[in-house]
Amino acid sequence: MGEISQETVEKYLEDNPQFAKEYFDRKLRGEAAGEMLQPGGAQAPARASFRGLTLAEEAALCLELLEALREEAGSVELAAHKALRRLARLLRADRCSMFLCRARNGSPEVASKLLDVTSTSKFEDNLVVPDREVVFPLDVGIVGWVAHTKKTFSVPDVKKNSHFSDFMDKQTGYVTRNLLAAPIVMGKEAFAVVMAVNMEFYDEWPVKLGEVEPYKGPKTPDGREVMFYKIIDYILHGKEEIRVIPTPPADHWTLISGLPTYVAENGFICNLLNAPADEYFTFQKGPVDETGWVIKNVLSLPIVNKKEDIVGVATFYNRKGGKPFDEYDEHITETLTQFLGWSLLNTDTYEKMNKLEDRKDIAQEMLMNHTKATPDEIKSILKFKEKLNIDVIEDCEEKQLVTILKEDLPDPQAVDLYEFRFSDFPITEHELIKCGLRLFFEINVVEKFKVPVEVLTRWMYTVRKGYRALTYHNWRYGFNVGQTMFTLLMTGRLKKYYTDLEAFAMLAAALCHDIDHRGTNNLYQMKSTSPLARLRGASVLERHHLEYSKTLLQDEVEIQMTQHHLLKRPPFSHFTSVRPFVINQVTDYKIRWTASVLSVLFRSADQFLLSVKDDIKCYWIYKNLNKRQFETVTFEVAIIATDLALYFKKRTMFQKIVDACEKMETEEEGIKYVTIDPTKKEIIMAMMMTACDLSAITKPWEIQSQATLQVANEFWEQGDLERTVLQQQPIPMMDRNKKDELPKLQVGFIDFVCTFVYKEFSRFHKEIIPMLNGLQNNRVEWKSLADEYDAKMKVTEEKKKQEEGNMTEKAAEDSGGGGDDKKSKTCLML
């Protein structure tokens, strides 16, 4: 018998549809499809397709996929991996991948998270670690295009698609022939992209075999079928009339039968083929309303949430066509109730988060009430009543306020504001507020950006009140950091790399950088599991300072509008509880279903706090900036950079910038090299914040020694807390019992932490050399004290050893009788 060709088989099957149908039923049953979905299950037949299953089997598969994902809901990556494995099996795809959408340095991009997922691959082999991820901008490749357009793309031949990029194929040697990619959308933003490559499509087989009738239902404008999820989306958009009865009476026709109560108590699925004739439940036999509508058949199911609690009952009446509900209806409605259960749980979470948000707003209002500068405090700086004889500040002209404020501010030369050696010791805390205001005038941002001086004064006074009365991390320390930032910008001539607006933000961030410091470091916050540590995670205190600073920039107008419910969060009727699980504009139903479920897993609690606030925020000292200008104002890079753990990670990058600038012949070349790249500017800004944060170590010895004692006392106070509260032995730096080791610790701190930043800045700009000189002079002083301590300890140790030796000899003499005879103490003469 000769070899049978594919064309011969196809012709035979087309000519004998009954045989083809029987063969198809025999070779691809629902049980075989179920095995396909199990990890390590039997491989699907080569000609199997998802659409080739019966409707009941399809519903069962979807339900099983939902349940499998729910089991892994605690781990997003694991759940996504499990879904992609099943997707690869169902689509007969060679492999599947998932890319996350994100923005870095303001540029949107997609990064690989799960790569080359097959039906049998392991999670550990497919998970992409951060240092090995593949990153694409949105204008490169089909994945980037899907993330940009938020639409699904089915590409039968990638060579004919202009968006396809063969970068990955060249790197791996893999050949991509076709692919299917769909976005995971949350709200209006694409969160991730799911992609399947090199699939075998046999979508027309079930129709040709007579298993499935040609689709005759509604279609999308591009000709695609409207599936079940489209119907859900249609209903949830409010295009279908839905009656809501908040508190139905006990004798309402939906409750009087007792069926909802029975289902809620027992958790059973009840399918009543002839409801009026049922003997257990008492359904109304006649019309239930004036329309003459009567109950014929009923399908009732419990709604179960992810905690497996019954939270509701869904009841369906009178299936269209007159037939009773069948097994397929049970499966498809059970799938729907899975969504409803998740939605109800999300609703509860949303309401709980609303209450937490309300409590936060109340706490913030109380905080601002005690922190915000009072009118009398503002009058102590802006003396408009004394100099202008005006009782209300609103009656003063802005030019008048600027004039009287400038007259009362200290002379920057008299108080050494431009000097790295500046000392706050002879200046009162109240005068430091005026010095802070003077800094903003000196960088010429008050007039340029039309900052109202009354607003600037209130903000500066409020910042002062935001610092706690700690031993070291207090308002004086905060001002010193701000003054050093000013000196680096002006005296150190680093301002030439930044715009006036950026300098404005950097100075404000430096003044706020440690606001509301608790007197303990990040490690203590994490060890004590403080609320800050539980909330922030990494860079605990720095992120708290950042959020506090943003609060101070929030205009009281917004706070008052929130209190009067002008900007409150939307009611539940405006919060779509099911539709967020459905991804807009996804057209291929196979990958659509998986992407829909994955979108549930990626939804975090933060999304439930999204409100309908209009974009009318007015920020205090930036209130007159336009939107484009305000977008360039960022505190995050500057304040978070004061975390020394991040400083060590950026040192090499900063050193490379300095090396490159040293080789440039002209100053203009260096300015262009830095300013053309926002990343370089951010790195320099971060190192500037570190240099400001540690600047006390560079002050003249008489200033630096006192500052060191202050910070040491604060460290010892933390050590006392660690010993008493945490029941732990503090490290030597925090242990007041080892305070004599302070000089030695200072030398180590200078060598391993401080020297690098000031040495590199001195190379970068010669004007900053005074800071390095001050550091080195202080190291000499501390090394001298450390050597004295070591010499003292050496003498003490030798004295101790001598005393121990004397005691040993004395003990030996006592054991020998104490006589003066020369007899041996080890031998006995007989």
# chains A, B, ... in the order shown; residues from 1 in each chain; ligands from 1

$ residues_around --residues "Thr457 in chain A" --least-positions-apart "4" --cutoff "12 Å" --atoms "only C-alpha atoms" --output "JSON list (two decimals) with all heavy atoms, in the first residue's frame"
[["chain", "number", "residue", "atom", "x", "y", "z"],
["A", 372, "LYS", "N", 1.18, 73.04, 61.02],
["A", 372, "LYS", "CA", 1.12, 74.22, 60.15],
["A", 372, "LYS", "C", 1.37, 75.50, 60.94],
["A", 372, "LYS", "O", 0.92, 75.65, 62.08],
["A", 372, "LYS", "CB", -0.24, 74.26, 59.47],
["A", 372, "LYS", "CG", -0.36, 75.34, 58.40],
["A", 372, "LYS", "CD", -1.69, 75.25, 57.68],
["A", 372, "LYS", "CE", -2.85, 75.49, 58.63],
["A", 372, "LYS", "NZ", -4.14, 75.50, 57.92],
["A", 373, "ALA", "N", 2.10, 76.40, 60.32],
["A", 373, "ALA", "CA", 2.42, 77.68, 60.97],
["A", 373, "ALA", "C", 1.15, 78.47, 61.23],
["A", 373, "ALA", "O", 0.26, 78.56, 60.37],
["A", 373, "ALA", "CB", 3.38, 78.48, 60.10],
["A", 374, "THR", "N", 1.05, 79.04, 62.40],
["A", 374, "THR", "CA", -0.11, 79.85, 62.77],
["A", 374, "THR", "C", 0.07, 81.27, 62.25],
["A", 374, "THR", "O", 1.18, 81.70, 61.92],
["A", 374, "THR", "CB", -0.27, 79.86, 64.30],
["A", 374, "THR", "OG1", 0.87, 80.52, 64.88],
["A", 374, "THR", "CG2", -0.37, 78.44, 64.85],
["A", 375, "PRO", "N", -1.01, 82.05, 62.19],
["A", 375, "PRO", "CA", -0.88, 83.45, 61.76],
["A", 375, "PRO", "C", 0.10, 84.25, 62.61],
["A", 375, "PRO", "O", 0.85, 85.08, 62.08],
["A", 375, "PRO", "CB", -2.31, 83.99, 61.90],
["A", 375, "PRO", "CG", -3.18, 82.78, 61.70],
["A", 375, "PRO", "CD", -2.42, 81.65, 62.34],
["A", 376, "ASP", "N", 0.11, 84.01, 63.93],
["A", 376, "ASP", "CA", 1.05, 84.74, 64.78],
["A", 376, "ASP", "C", 2.49, 84.38, 64.48],
["A", 376, "ASP", "O", 3.39, 85.24, 64.54],
["A", 376, "ASP", "CB", 0.74, 84.45, 66.26],
["A", 376, "ASP", "CG", -0.56, 85.09, 66.71],
["A", 376, "ASP", "OD1", -1.00, 86.06, 66.06],
["A", 376, "ASP", "OD2", -1.14, 84.61, 67.71],
["A", 377, "GLU", "N", 2.74, 83.11, 64.17],
["A", 377, "GLU", "CA", 4.09, 82.68, 63.82],
["A", 377, "GLU", "C", 4.53, 83.31, 62.50],
["A", 377, "GLU", "O", 5.70, 83.69, 62.33],
["A", 377, "GLU", "CB", 4.16, 81.15, 63.75],
["A", 377, "GLU", "CG", 4.04, 80.49, 65.12],
["A", 377, "GLU", "CD", 3.86, 78.99, 65.03],
["A", 377, "GLU", "OE1", 3.37, 78.50, 63.99],
["A", 377, "GLU", "OE2", 4.19, 78.29, 66.01],
["A", 378, "ILE", "N", 3.60, 83.43, 61.58],
["A", 378, "ILE", "CA", 3.93, 84.08, 60.30],
["A", 378, "ILE", "C", 4.23, 85.56, 60.53],
["A", 378, "ILE", "O", 5.15, 86.13, 59.93],
["A", 378, "ILE", "CB", 2.78, 83.90, 59.30],
["A", 378, "ILE", "CG1", 2.62, 82.41, 58.95],
["A", 378, "ILE", "CG2", 3.02, 84.72, 58.03],
["A", 378, "ILE", "CD1", 1.45, 82.12, 58.05],
["A", 379, "LYS", "N", 3.47, 86.19, 61.44],
["A", 379, "LYS", "CA", 3.71, 87.61, 61.74],
["A", 379, "LYS", "C", 5.08, 87.83, 62.36],
["A", 379, "LYS", "O", 5.65, 88.91, 62.23],
["A", 379, "LYS", "CB", 2.62, 88.12, 62.69],
["A", 379, "LYS", "CG", 1.24, 88.27, 62.05],
["A", 379, "LYS", "CD", 0.24, 88.76, 63.07],
["A", 379, "LYS", "CE", -1.16, 88.86, 62.47],
["A", 379, "LYS", "NZ", -2.15, 89.32, 63.47],
["A", 380, "SER", "N", 5.61, 86.80, 63.04],
["A", 380, "SER", "CA", 6.94, 86.97, 63.64],
["A", 380, "SER", "C", 8.03, 87.05, 62.58],
["A", 380, "SER", "O", 9.14, 87.51, 62.86],
["A", 380, "SER", "CB", 7.22, 85.81, 64.60],
["A", 380, "SER", "OG", 7.35, 84.59, 63.88],
["A", 381, "ILE", "N", 7.73, 86.60, 61.38],
["A", 381, "ILE", "CA", 8.68, 86.69, 60.27],
["A", 381, "ILE", "C", 8.29, 87.83, 59.34],
["A", 381, "ILE", "O", 9.12, 88.68, 59.00],
["A", 381, "ILE", "CB", 8.71, 85.36, 59.47],
["A", 381, "ILE", "CG1", 9.03, 84.18, 60.39],
["A", 381, "ILE", "CG2", 9.71, 85.46, 58.33],
["A", 381, "ILE", "CD1", 10.42, 84.19, 60.96],
["A", 382, "LEU", "N", 7.04, 87.84, 58.90],
["A", 382, "LEU", "CA", 6.51, 88.90, 58.04],
["A", 382, "LEU", "C", 5.85, 89.97, 58.91],
["A", 382, "LEU", "O", 4.68, 89.85, 59.28],
["A", 382, "LEU", "CB", 5.49, 88.31, 57.06],
["A", 382, "LEU", "CG", 5.99, 87.77, 55.73],
["A", 382, "LEU", "CD1", 4.86, 87.12, 54.96],
["A", 382, "LEU", "CD2", 6.61, 88.88, 54.90],
["A", 383, "LYS", "N", 6.57, 91.01, 59.23],
["A", 383, "LYS", "CA", 6.07, 92.02, 60.17],
["A", 383, "LYS", "C", 5.33, 93.13, 59.42],
["A", 383, "LYS", "O", 5.72, 94.30, 59.45],
["A", 383, "LYS", "CB", 7.24, 92.58, 60.97],
["A", 383, "LYS", "CG", 7.98, 91.50, 61.76],
["A", 383, "LYS", "CD", 9.16, 92.06, 62.52],
["A", 383, "LYS", "CE", 9.88, 90.95, 63.29],
["A", 383, "LYS", "NZ", 11.06, 91.45, 64.04],
["A", 401, "LEU", "N", 5.14, 93.04, 50.64],
["A", 401, "LEU", "CA", 5.57, 91.92, 51.48],
["A", 401, "LEU", "C", 6.99, 91.49, 51.13],
["A", 401, "LEU", "O", 7.79, 91.17, 52.02],
["A", 401, "LEU", "CB", 4.60, 90.75, 51.32],
["A", 401, "LEU", "CG", 3.18, 90.95, 51.84],
["A", 401, "LEU", "CD1", 2.30, 89.75, 51.51],
["A", 401, "LEU", "CD2", 3.18, 91.20, 53.35],
["A", 402, "VAL", "N", 7.32, 91.46, 49.84],
["A", 402, "VAL", "CA", 8.67, 91.10, 49.44],
["A", 402, "VAL", "C", 9.68, 92.09, 50.02],
["A", 402, "VAL", "O", 10.75, 91.71, 50.52],
["A", 402, "VAL", "CB", 8.78, 91.05, 47.90],
["A", 402, "VAL", "CG1", 10.23, 90.89, 47.47],
["A", 402, "VAL", "CG2", 7.93, 89.91, 47.35],
["A", 405, "LEU", "N", 10.07, 91.72, 53.85],
["A", 405, "LEU", "CA", 10.71, 90.45, 54.20],
["A", 405, "LEU", "C", 12.20, 90.51, 53.91],
["A", 405, "LEU", "O", 13.02, 90.09, 54.74],
["A", 405, "LEU", "CB", 10.06, 89.30, 53.43],
["A", 405, "LEU", "CG", 10.63, 87.90, 53.70],
["A", 405, "LEU", "CD1", 10.50, 87.53, 55.16],
["A", 405, "LEU", "CD2", 9.96, 86.85, 52.82],
["A", 406, "LYS", "N", 12.58, 91.03, 52.76],
["A", 406, "LYS", "CA", 14.00, 91.12, 52.42],
["A", 406, "LYS", "C", 14.76, 91.99, 53.42],
["A", 406, "LYS", "O", 15.91, 91.70, 53.77],
["A", 406, "LYS", "CB", 14.16, 91.69, 51.01],
["A", 406, "LYS", "CG", 13.95, 90.68, 49.91],
["A", 406, "LYS", "CD", 14.30, 91.30, 48.56],
["A", 406, "LYS", "CE", 14.27, 90.29, 47.45],
["A", 406, "LYS", "NZ", 14.64, 90.88, 46.14],
["A", 409, "LEU", "N", 15.53, 89.89, 56.56],
["A", 409, "LEU", "CA", 16.31, 88.65, 56.44],
["A", 409, "LEU", "C", 17.79, 88.94, 56.69],
["A", 409, "LEU", "O", 18.29, 90.03, 56.36],
["A", 409, "LEU", "CB", 16.13, 88.05, 55.04],
["A", 409, "LEU", "CG", 14.72, 87.58, 54.69],
["A", 409, "LEU", "CD1", 14.70, 86.96, 53.30],
["A", 409, "LEU", "CD2", 14.18, 86.58, 55.72],
["A", 430, "HIS", "N", 14.80, 80.36, 65.42],
["A", 430, "HIS", "CA", 13.89, 81.28, 64.73],
["A", 430, "HIS", "C", 14.63, 82.01, 63.61],
["A", 430, "HIS", "O", 14.10, 82.21, 62.51],
["A", 430, "HIS", "CB", 13.29, 82.27, 65.73],
["A", 430, "HIS", "CG", 12.18, 83.10, 65.14],
["A", 430, "HIS", "ND1", 12.40, 84.32, 64.56],
["A", 430, "HIS", "CD2", 10.84, 82.87, 65.04],
["A", 430, "HIS", "CE1", 11.26, 84.82, 64.13],
["A", 430, "HIS", "NE2", 10.29, 83.96, 64.41],
["A", 433, "ILE", "N", 15.06, 80.09, 60.39],
["A", 433, "ILE", "CA", 13.94, 80.14, 59.45],
["A", 433, "ILE", "C", 14.16, 81.29, 58.47],
["A", 433, "ILE", "O", 13.97, 81.13, 57.25],
["A", 433, "ILE", "CB", 12.60, 80.31, 60.20],
["A", 433, "ILE", "CG1", 12.36, 79.12, 61.13],
["A", 433, "ILE", "CG2", 11.45, 80.45, 59.22],
["A", 433, "ILE", "CD1", 11.14, 79.28, 62.01],
["A", 434, "LYS", "N", 14.57, 82.42, 58.97],
["A", 434, "LYS", "CA", 14.85, 83.57, 58.10],
["A", 434, "LYS", "C", 16.02, 83.26, 57.17],
["A", 434, "LYS", "O", 16.02, 83.65, 56.00],
["A", 434, "LYS", "CB", 15.16, 84.80, 58.95],
["A", 434, "LYS", "CG", 13.99, 85.29, 59.80],
["A", 434, "LYS", "CD", 14.37, 86.54, 60.58],
["A", 434, "LYS", "CE", 13.21, 87.04, 61.43],
["A", 434, "LYS", "NZ", 13.56, 88.26, 62.18],
["A", 435, "CYS", "N", 17.02, 82.55, 57.68],
["A", 435, "CYS", "CA", 18.15, 82.17, 56.83],
["A", 435, "CYS", "C", 17.69, 81.26, 55.70],
["A", 435, "CYS", "O", 18.17, 81.37, 54.56],
["A", 435, "CYS", "CB", 19.22, 81.47, 57.66],
["A", 435, "CYS", "SG", 20.10, 82.56, 58.81],
["A", 436, "GLY", "N", 16.75, 80.36, 56.01],
["A", 436, "GLY", "CA", 16.22, 79.49, 54.98],
["A", 436, "GLY", "C", 15.50, 80.27, 53.89],
["A", 436, "GLY", "O", 15.64, 79.99, 52.69],
["A", 437, "LEU", "N", 14.72, 81.27, 54.30],
["A", 437, "LEU", "CA", 14.06, 82.12, 53.31],
["A", 437, "LEU", "C", 15.07, 82.88, 52.45],
["A", 437, "LEU", "O", 14.90, 83.04, 51.24],
["A", 437, "LEU", "CB", 13.13, 83.12, 54.03],
["A", 437, "LEU", "CG", 11.93, 82.50, 54.75],
["A", 437, "LEU", "CD1", 11.23, 83.54, 55.61],
["A", 437, "LEU", "CD2", 10.95, 81.90, 53.75],
["A", 438, "ARG", "N", 16.16, 83.33, 53.10],
["A", 438, "ARG", "CA", 17.20, 84.04, 52.36],
["A", 438, "ARG", "C", 17.81, 83.16, 51.27],
["A", 438, "ARG", "O", 18.14, 83.64, 50.18],
["A", 438, "ARG", "CB", 18.28, 84.51, 53.32],
["A", 438, "ARG", "CG", 19.52, 85.09, 52.66],
["A", 438, "ARG", "CD", 19.20, 86.30, 51.79],
["A", 438, "ARG", "NE", 18.87, 87.46, 52.59],
["A", 438, "ARG", "CZ", 18.52, 88.64, 52.06],
["A", 438, "ARG", "NH1", 18.44, 88.77, 50.74],
["A", 438, "ARG", "NH2", 18.21, 89.66, 52.85],
["A", 440, "PHE", "N", 16.38, 80.96, 49.35],
["A", 440, "PHE", "CA", 15.54, 80.95, 48.15],
["A", 440, "PHE", "C", 15.66, 82.26, 47.38],
["A", 440, "PHE", "O", 15.60, 82.27, 46.14],
["A", 440, "PHE", "CB", 14.09, 80.69, 48.54],
["A", 440, "PHE", "CG", 13.82, 79.26, 48.96],
["A", 440, "PHE", "CD1", 13.63, 78.94, 50.29],
["A", 440, "PHE", "CD2", 13.77, 78.24, 48.02],
["A", 440, "PHE", "CE1", 13.39, 77.63, 50.68],
["A", 440, "PHE", "CE2", 13.53, 76.93, 48.40],
["A", 440, "PHE", "CZ", 13.35, 76.63, 49.74],
["A", 441, "PHE", "N", 15.80, 83.37, 48.09],
["A", 441, "PHE", "CA", 16.00, 84.64, 47.40],
["A", 441, "PHE", "C", 17.35, 84.67, 46.70],
["A", 441, "PHE", "O", 17.49, 85.25, 45.61],
["A", 441, "PHE", "CB", 15.90, 85.80, 48.39],
["A", 441, "PHE", "CG", 14.47, 86.20, 48.70],
["A", 441, "PHE", "CD1", 13.86, 85.80, 49.88],
["A", 441, "PHE", "CD2", 13.75, 86.99, 47.82],
["A", 441, "PHE", "CE1", 12.56, 86.15, 50.17],
["A", 441, "PHE", "CE2", 12.43, 87.35, 48.10],
["A", 441, "PHE", "CZ", 11.83, 86.94, 49.28],
["A", 446, "VAL", "N", 12.27, 83.02, 43.89],
["A", 446, "VAL", "CA", 11.04, 83.59, 44.44],
["A", 446, "VAL", "C", 10.39, 84.50, 43.41],
["A", 446, "VAL", "O", 9.18, 84.38, 43.12],
["A", 446, "VAL", "CB", 11.33, 84.36, 45.75],
["A", 446, "VAL", "CG1", 10.04, 84.94, 46.30],
["A", 446, "VAL", "CG2", 11.98, 83.44, 46.78],
["A", 451, "VAL", "N", 6.62, 83.03, 43.59],
["A", 451, "VAL", "CA", 6.23, 82.35, 44.83],
["A", 451, "VAL", "C", 5.75, 83.40, 45.82],
["A", 451, "VAL", "O", 6.51, 84.30, 46.20],
["A", 451, "VAL", "CB", 7.42, 81.58, 45.43],
["A", 451, "VAL", "CG1", 6.97, 80.83, 46.68],
["A", 451, "VAL", "CG2", 8.00, 80.61, 44.40],
["A", 452, "PRO", "N", 4.51, 83.35, 46.27],
["A", 452, "PRO", "CA", 4.03, 84.32, 47.26],
["A", 452, "PRO", "C", 4.85, 84.21, 48.55],
["A", 452, "PRO", "O", 5.02, 83.11, 49.08],
["A", 452, "PRO", "CB", 2.57, 83.92, 47.48],
["A", 452, "PRO", "CG", 2.19, 83.13, 46.26],
["A", 452, "PRO", "CD", 3.44, 82.44, 45.83],
["A", 453, "VAL", "N", 5.36, 85.33, 49.03],
["A", 453, "VAL", "CA", 6.23, 85.27, 50.20],
["A", 453, "VAL", "C", 5.48, 84.82, 51.44],
["A", 453, "VAL", "O", 6.06, 84.19, 52.34],
["A", 453, "VAL", "CB", 6.89, 86.64, 50.44],
["A", 453, "VAL", "CG1", 7.85, 86.99, 49.33],
["A", 453, "VAL", "CG2", 5.85, 87.74, 50.60],
["A", 461, "TYR", "N", 8.26, 77.86, 57.90],
["A", 461, "TYR", "CA", 7.98, 77.73, 59.33],
["A", 461, "TYR", "C", 7.40, 76.35, 59.65],
["A", 461, "TYR", "O", 7.70, 75.74, 60.68],
["A", 461, "TYR", "CB", 7.01, 78.83, 59.79],
["A", 461, "TYR", "CG", 7.23, 79.27, 61.22],
["A", 461, "TYR", "CD1", 7.63, 80.57, 61.51],
["A", 461, "TYR", "CD2", 7.03, 78.39, 62.28],
["A", 461, "TYR", "CE1", 7.82, 80.98, 62.82],
["A", 461, "TYR", "CE2", 7.23, 78.81, 63.58],
["A", 461, "TYR", "CZ", 7.63, 80.09, 63.85],
["A", 461, "TYR", "OH", 7.83, 80.50, 65.15],
["A", 462, "THR", "N", 6.56, 75.86, 58.73],
["A", 462, "THR", "CA", 5.97, 74.53, 58.94],
["A", 462, "THR", "C", 7.02, 73.44, 58.86],
["A", 462, "THR", "O", 6.96, 72.45, 59.60],
["A", 462, "THR", "CB", 4.86, 74.30, 57.89],
["A", 462, "THR", "OG1", 3.90, 75.34, 57.98],
["A", 462, "THR", "CG2", 4.16, 72.97, 58.13],
["A", 463, "VAL", "N", 7.99, 73.59, 57.96],
["A", 463, "VAL", "CA", 9.09, 72.63, 57.89],
["A", 463, "VAL", "C", 9.85, 72.61, 59.20],
["A", 463, "VAL", "O", 10.20, 71.54, 59.73],
["A", 463, "VAL", "CB", 10.04, 72.97, 56.71],
["A", 463, "VAL", "CG1", 11.31, 72.13, 56.78],
["A", 463, "VAL", "CG2", 9.33, 72.74, 55.38],
["A", 464, "ARG", "N", 10.11, 73.78, 59.75],
["A", 464, "ARG", "CA", 10.82, 73.85, 61.04],
["A", 464, "ARG", "C", 10.05, 73.10, 62.12],
["A", 464, "ARG", "O", 10.62, 72.37, 62.93],
["A", 464, "ARG", "CB", 11.03, 75.32, 61.43],
["A", 464, "ARG", "CG", 11.71, 75.50, 62.80],
["A", 464, "ARG", "CD", 10.66, 75.87, 63.85],
["A", 464, "ARG", "NE", 11.22, 75.96, 65.17],
["A", 464, "ARG", "CZ", 11.37, 74.96, 66.00],
["A", 464, "ARG", "NH1", 11.05, 73.73, 65.62],
["A", 464, "ARG", "NH2", 11.86, 75.12, 67.21],
["A", 620, "TRP", "N", 1.77, 74.42, 47.49],
["A", 620, "TRP", "CA", 2.05, 75.68, 48.16],
["A", 620, "TRP", "C", 3.11, 76.51, 47.45],
["A", 620, "TRP", "O", 2.80, 77.50, 46.81],
["A", 620, "TRP", "CB", 2.51, 75.38, 49.58],
["A", 620, "TRP", "CG", 1.37, 75.09, 50.50],
["A", 620, "TRP", "CD1", 0.07, 74.87, 50.14],
["A", 620, "TRP", "CD2", 1.42, 74.97, 51.90],
["A", 620, "TRP", "NE1", -0.68, 74.63, 51.23],
["A", 620, "TRP", "CE2", 0.11, 74.68, 52.33],
["A", 620, "TRP", "CE3", 2.42, 75.08, 52.85],
["A", 620, "TRP", "CZ2", -0.20, 74.52, 53.67],
["A", 620, "TRP", "CZ3", 2.11, 74.92, 54.18],
["A", 620, "TRP", "CH2", 0.82, 74.63, 54.59],
["A", 621, "ILE", "N", 4.35, 76.14, 47.57],
["A", 621, "ILE", "CA", 5.40, 76.99, 47.03],
["A", 621, "ILE", "C", 5.54, 76.86, 45.53],
["A", 621, "ILE", "O", 6.25, 77.65, 44.89],
["A", 621, "ILE", "CB", 6.76, 76.70, 47.71],
["A", 621, "ILE", "CG1", 7.15, 75.24, 47.52],
["A", 621, "ILE", "CG2", 6.72, 77.07, 49.17],
["A", 621, "ILE", "CD1", 8.50, 74.90, 48.12]]

$ residues_around --residues "range 95-106 of chain A" --least-positions-apart "5" --cutoff "10 Å" --atoms "only C-alpha atoms" --output "PyMOL selection string"
chain A and resi 77+80-81+83-89+111-119+121+126-127+133-138+143-144+147-148+179-184+189-199+678-679+682

$ closest_residue --among "A:Ile295, A:Leu259, A:Ile697, A:Leu721" --to "Ala275 in chain A" --atoms "only C-alpha atoms"
A:Ile295

$ closest_residue --among "A:Arg723, A:Lys799, A:His163, A:Arg421" --to "Thr491 in chain A" --atoms "only C-alpha atoms"
A:Arg421

$ residues_around --residues "Gln704 in chain A" --least-positions-apart "6" --cutoff "10 Å" --atoms "only C-alpha atoms" --output "PyMOL selection string"
chain A and resi 421+423+695-698+710+774-775+778

$ write_last_selection --atoms "N, CA, C and O atoms" --output "mmCIF file, in the first residue's frame"
data_model
loop_
_atom_site.group_PDB
_atom_site.id
_atom_site.type_symbol
_atom_site.label_atom_id
_atom_site.label_comp_id
_atom_site.auth_asym_id
_atom_site.auth_seq_id
_atom_site.Cartn_x
_atom_site.Cartn_y
_atom_site.Cartn_z
ATOM 1 N N ARG A 421 32.112 76.335 55.738
ATOM 2 C CA ARG A 421 32.401 76.289 57.179
ATOM 3 C C ARG A 421 31.239 76.823 58.019
ATOM 4 O O ARG A 421 31.382 76.989 59.241
ATOM 5 N N SER A 423 28.338 77.692 60.466
ATOM 6 C CA SER A 423 27.966 77.128 61.770
ATOM 7 C C SER A 423 26.637 77.710 62.218
ATOM 8 O O SER A 423 26.421 78.926 62.140
ATOM 9 N N SER A 695 27.675 66.373 55.732
ATOM 10 C CA SER A 695 28.532 67.563 55.700
ATOM 11 C C SER A 695 29.096 67.957 57.061
ATOM 12 O O SER A 695 30.121 68.653 57.129
ATOM 13 N N ALA A 696 28.475 67.535 58.154
ATOM 14 C CA ALA A 696 29.004 67.896 59.478
ATOM 15 C C ALA A 696 30.430 67.375 59.666
ATOM 16 O O ALA A 696 31.219 67.971 60.401
ATOM 17 N N ILE A 697 30.767 66.295 58.970
ATOM 18 C CA ILE A 697 32.097 65.706 59.117
ATOM 19 C C ILE A 697 33.177 66.587 58.484
ATOM 20 O O ILE A 697 34.371 66.404 58.733
ATOM 21 N N THR A 698 32.769 67.582 57.663
ATOM 22 C CA THR A 698 33.739 68.442 56.972
ATOM 23 C C THR A 698 33.882 69.815 57.641
ATOM 24 O O THR A 698 34.705 70.619 57.190
ATOM 25 N N GLN A 710 26.781 65.075 69.452
ATOM 26 C CA GLN A 710 25.317 65.082 69.383
ATOM 27 C C GLN A 710 24.789 63.827 68.690
ATOM 28 O O GLN A 710 23.878 63.165 69.198
ATOM 29 N N GLY A 774 38.588 69.914 55.026
ATOM 30 C CA GLY A 774 37.991 69.842 56.363
ATOM 31 C C GLY A 774 37.863 68.411 56.849
ATOM 32 O O GLY A 774 38.124 68.108 58.021
ATOM 33 N N LEU A 775 37.476 67.518 55.937
ATOM 34 C CA LEU A 775 37.354 66.097 56.290
ATOM 35 C C LEU A 775 38.705 65.529 56.714
ATOM 36 O O LEU A 775 38.806 64.834 57.738
ATOM 37 N N ASN A 778 39.838 66.806 60.121
ATOM 38 C CA ASN A 778 39.100 66.152 61.208
ATOM 39 C C ASN A 778 39.565 64.710 61.398
ATOM 40 O O ASN A 778 39.586 64.211 62.531
#

$ closest_residue --among "A:Cys754, A:Ala93, A:Trp253, A:Phe761" --to "Trp293 in chain A" --atoms "only C-alpha atoms"
A:Trp253

$ select_by_dssp --residues "range 338-573 of chain A" --states "helix (DSSP H, G or I)" --output "number ranges by chain"
A: 338-371, 375-379, 384-388, 393-395, 398-408, 429-442, 453-466, 475-490, 495-497, 500-512, 522-527, 531-536, 540-552, 556-563, 572-573

$ residues_around --residues "Leu301 in chain A" --least-positions-apart "3" --cutoff "10 Å" --atoms "only C-alpha atoms" --output "PyMOL selection string"
chain A and resi 259-260+263-264+267-271+304+312-316+330+333-334+337

$ closest_residue --among "A:Lys759, A:Ile393, A:Glu798, A:Met368" --to "Asn773 in chain A" --atoms "only C-alpha atoms"
A:Lys759
